[in-house]
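To be precise, the following lines are entry-v1.txt, and they hold compact mmCIF, C-alpha atoms.
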# COMPACT_ATOMS: atom_id res chain seq x y z
CA MET A 1 142.78 135.32 75.02
CA ARG A 2 140.05 134.61 77.54
CA GLY A 3 137.94 132.21 75.50
CA PHE A 4 136.64 131.32 72.10
CA SER A 5 133.70 133.12 70.59
CA PHE A 6 131.13 131.33 68.46
CA ASN A 7 132.78 132.51 65.21
CA GLN A 8 136.17 131.21 66.29
CA TRP A 9 134.70 127.78 67.01
CA ILE A 10 133.17 127.73 63.54
CA ILE A 11 136.59 128.56 62.04
CA VAL A 12 138.27 125.78 64.04
CA ILE A 13 135.62 123.24 62.97
CA VAL A 14 135.94 124.21 59.29
CA PHE A 15 139.74 123.97 59.55
CA LEU A 16 139.50 120.47 61.03
CA VAL A 17 136.98 119.32 58.42
CA ILE A 18 139.21 120.54 55.59
CA LEU A 19 142.27 118.80 57.04
CA ALA A 20 140.31 115.60 57.68
CA ASN A 21 139.35 115.49 54.00
CA GLY A 22 142.85 116.37 52.86
CA ARG A 23 143.25 113.36 50.59
CA THR A 24 140.11 114.10 48.57
CA LEU A 25 140.38 117.90 48.30
CA PRO A 26 142.64 119.63 45.75
CA TRP A 27 146.05 120.59 47.08
CA PRO A 28 145.61 124.36 46.55
CA ILE A 29 142.71 124.34 49.04
CA ILE A 30 144.85 122.53 51.61
CA THR A 31 147.73 124.93 51.04
CA LEU A 32 145.49 127.96 51.33
CA THR A 33 143.93 126.61 54.51
CA LEU A 34 147.30 125.93 56.11
CA GLY A 35 148.74 129.31 55.09
CA VAL A 36 145.76 131.38 56.20
CA SER A 37 145.52 129.50 59.49
CA GLY A 38 149.21 130.04 60.17
CA GLY A 39 148.92 133.73 59.37
CA GLY A 40 145.90 134.02 61.65
CA LEU A 41 147.82 132.43 64.50
CA LEU A 42 150.72 134.81 63.93
CA ALA A 43 148.26 137.71 64.16
CA LEU A 44 146.89 136.26 67.42
CA ALA A 45 150.44 136.02 68.74
CA TRP A 46 151.02 139.67 67.84
CA ARG A 47 147.91 140.68 69.79
CA ALA A 48 148.67 138.36 72.73
CA ALA A 49 152.11 139.91 73.02
CA GLY A 50 150.43 143.27 73.52
CA LEU A 51 151.84 144.83 70.39
CA GLY A 52 148.41 145.86 69.13
CA ARG A 53 147.82 147.03 65.61
CA ILE A 54 150.74 147.91 63.37
CA GLY A 55 151.21 151.66 63.34
CA ALA A 56 148.90 152.33 66.29
CA GLY A 57 150.42 154.71 68.77
CA GLY A 58 148.59 153.33 71.76
CA GLY A 59 148.33 156.75 73.39
CA ARG A 60 145.28 158.80 74.15
CA VAL A 61 144.12 162.08 72.73
CA THR A 62 142.95 164.95 74.94
CA TYR A 63 141.48 168.29 73.92
CA TRP A 64 142.18 171.38 76.02
CA ARG A 65 141.00 174.84 74.99
CA GLY A 66 140.41 173.71 71.45
CA GLN A 67 143.86 172.19 71.00
CA ARG A 68 144.53 168.55 70.43
CA ILE A 69 147.09 167.06 72.81
CA GLU A 70 148.37 163.52 72.27
CA MET A 71 149.37 161.79 75.47
CA PRO A 72 151.67 158.77 75.34
CA GLY A 73 150.12 155.50 76.50
CA ARG A 74 151.37 153.53 79.43
CA PRO A 75 153.75 150.76 78.46
CA ARG A 76 152.05 147.41 78.86
CA ARG A 77 153.96 144.79 80.79
CA MET A 78 153.82 141.28 79.46
CA VAL A 79 152.25 138.83 81.89
CA GLY A 80 153.67 135.30 82.02
CA GLY A 81 150.51 133.68 80.64
CA ASP A 82 150.37 136.15 77.76
CA LEU A 83 154.00 135.47 76.93
CA TRP A 84 153.47 131.71 76.81
CA ALA A 85 150.32 132.09 74.74
CA ALA A 86 152.19 134.29 72.26
CA ILE A 87 155.06 131.80 72.03
CA ILE A 88 152.69 128.87 71.44
CA TYR A 89 150.74 130.84 68.80
CA VAL A 90 153.98 131.72 66.99
CA LEU A 91 155.28 128.15 67.00
CA ILE A 92 152.04 126.61 65.74
CA GLY A 93 151.58 129.40 63.18
CA LEU A 94 155.08 128.95 61.80
CA ALA A 95 154.55 125.17 61.66
CA LEU A 96 151.35 125.63 59.64
CA ILE A 97 153.03 128.04 57.23
CA ALA A 98 155.96 125.64 56.87
CA ALA A 99 153.50 122.82 56.11
CA ALA A 100 151.89 124.98 53.41
CA VAL A 101 155.31 125.60 51.86
CA VAL A 102 156.11 121.88 51.98
CA VAL A 103 152.84 121.05 50.19
CA VAL A 104 153.62 123.58 47.45
CA LEU A 105 157.20 122.32 47.04
CA THR A 106 156.06 118.69 46.97
CA ARG A 107 153.42 119.34 44.34
CA SER A 108 155.75 121.38 42.18
CA GLY A 109 158.33 118.58 42.18
CA ILE A 110 161.13 120.38 43.97
Represent the structure from my file as structure tokens, please.
Amino acid sequence: MRGFSFNQWIIVIVFLVILANGRTLPWPIITLTLGVSGGGLLALAWRAAGLGRIGAGGGRVTYWRGQRIEMPGRPRRMVGGDLWAAIIYVLIGLALIAAAVVVVLTRSGI
């Protein structure tokens, strides 16, 4: 990831505002915020690892004499920075999802 866009900064600010007001907001909002944020970071890790979309072939399609020919894509090598970014995204995402589960278990009395 090269940098944050304007929309991503807005999402980060809203996330921080919700967590800063965690004591006054209802617990389902906190749980939903933690879970969605963790899932978003796992999706970023998936993209940073170069895995792309689920089910996408990654190849290219060529037409020759009216016939469609699907060419396999080149395998993408993972660069060191991308690997570390993916690992950090996964760890923080799993921590946020675990925090959401802890909030649900605490509120349900388990």
Contacts of Phe15 (chain A) within 10 Å, only C-alpha atoms, excl. fewer than 6 positions in-chain, as a short mmCIF file (atom, residue, chain, number, x, y, z; two decimals) with C-alpha atoms, in the coordinates of the input:
data_model
loop_
_atom_site.label_atom_id
_atom_site.label_comp_id
_atom_site.auth_asym_id
_atom_site.auth_seq_id
_atom_site.Cartn_x
_atom_site.Cartn_y
_atom_site.Cartn_z
CA TRP A 9 134.70 127.78 67.01
CA ILE A 30 144.85 122.53 51.61
CA THR A 33 143.93 126.61 54.51
CA LEU A 34 147.30 125.93 56.11
CA SER A 37 145.52 129.50 59.49
#
For Ala48 (chain A), the nearest of the candidates A:Ile69, A:Ala99, A:Val90, A:Ala20, counting all atoms listed in the file:
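Distance minimum relative to Ala48 (chain A) lands on A:Val90.
Nearest residue to Leu91 (chain A) among A:Pro28, A:Gly59, A:Gly22, A:Gly39 is A:Gly39, counting all atoms listed in the file.
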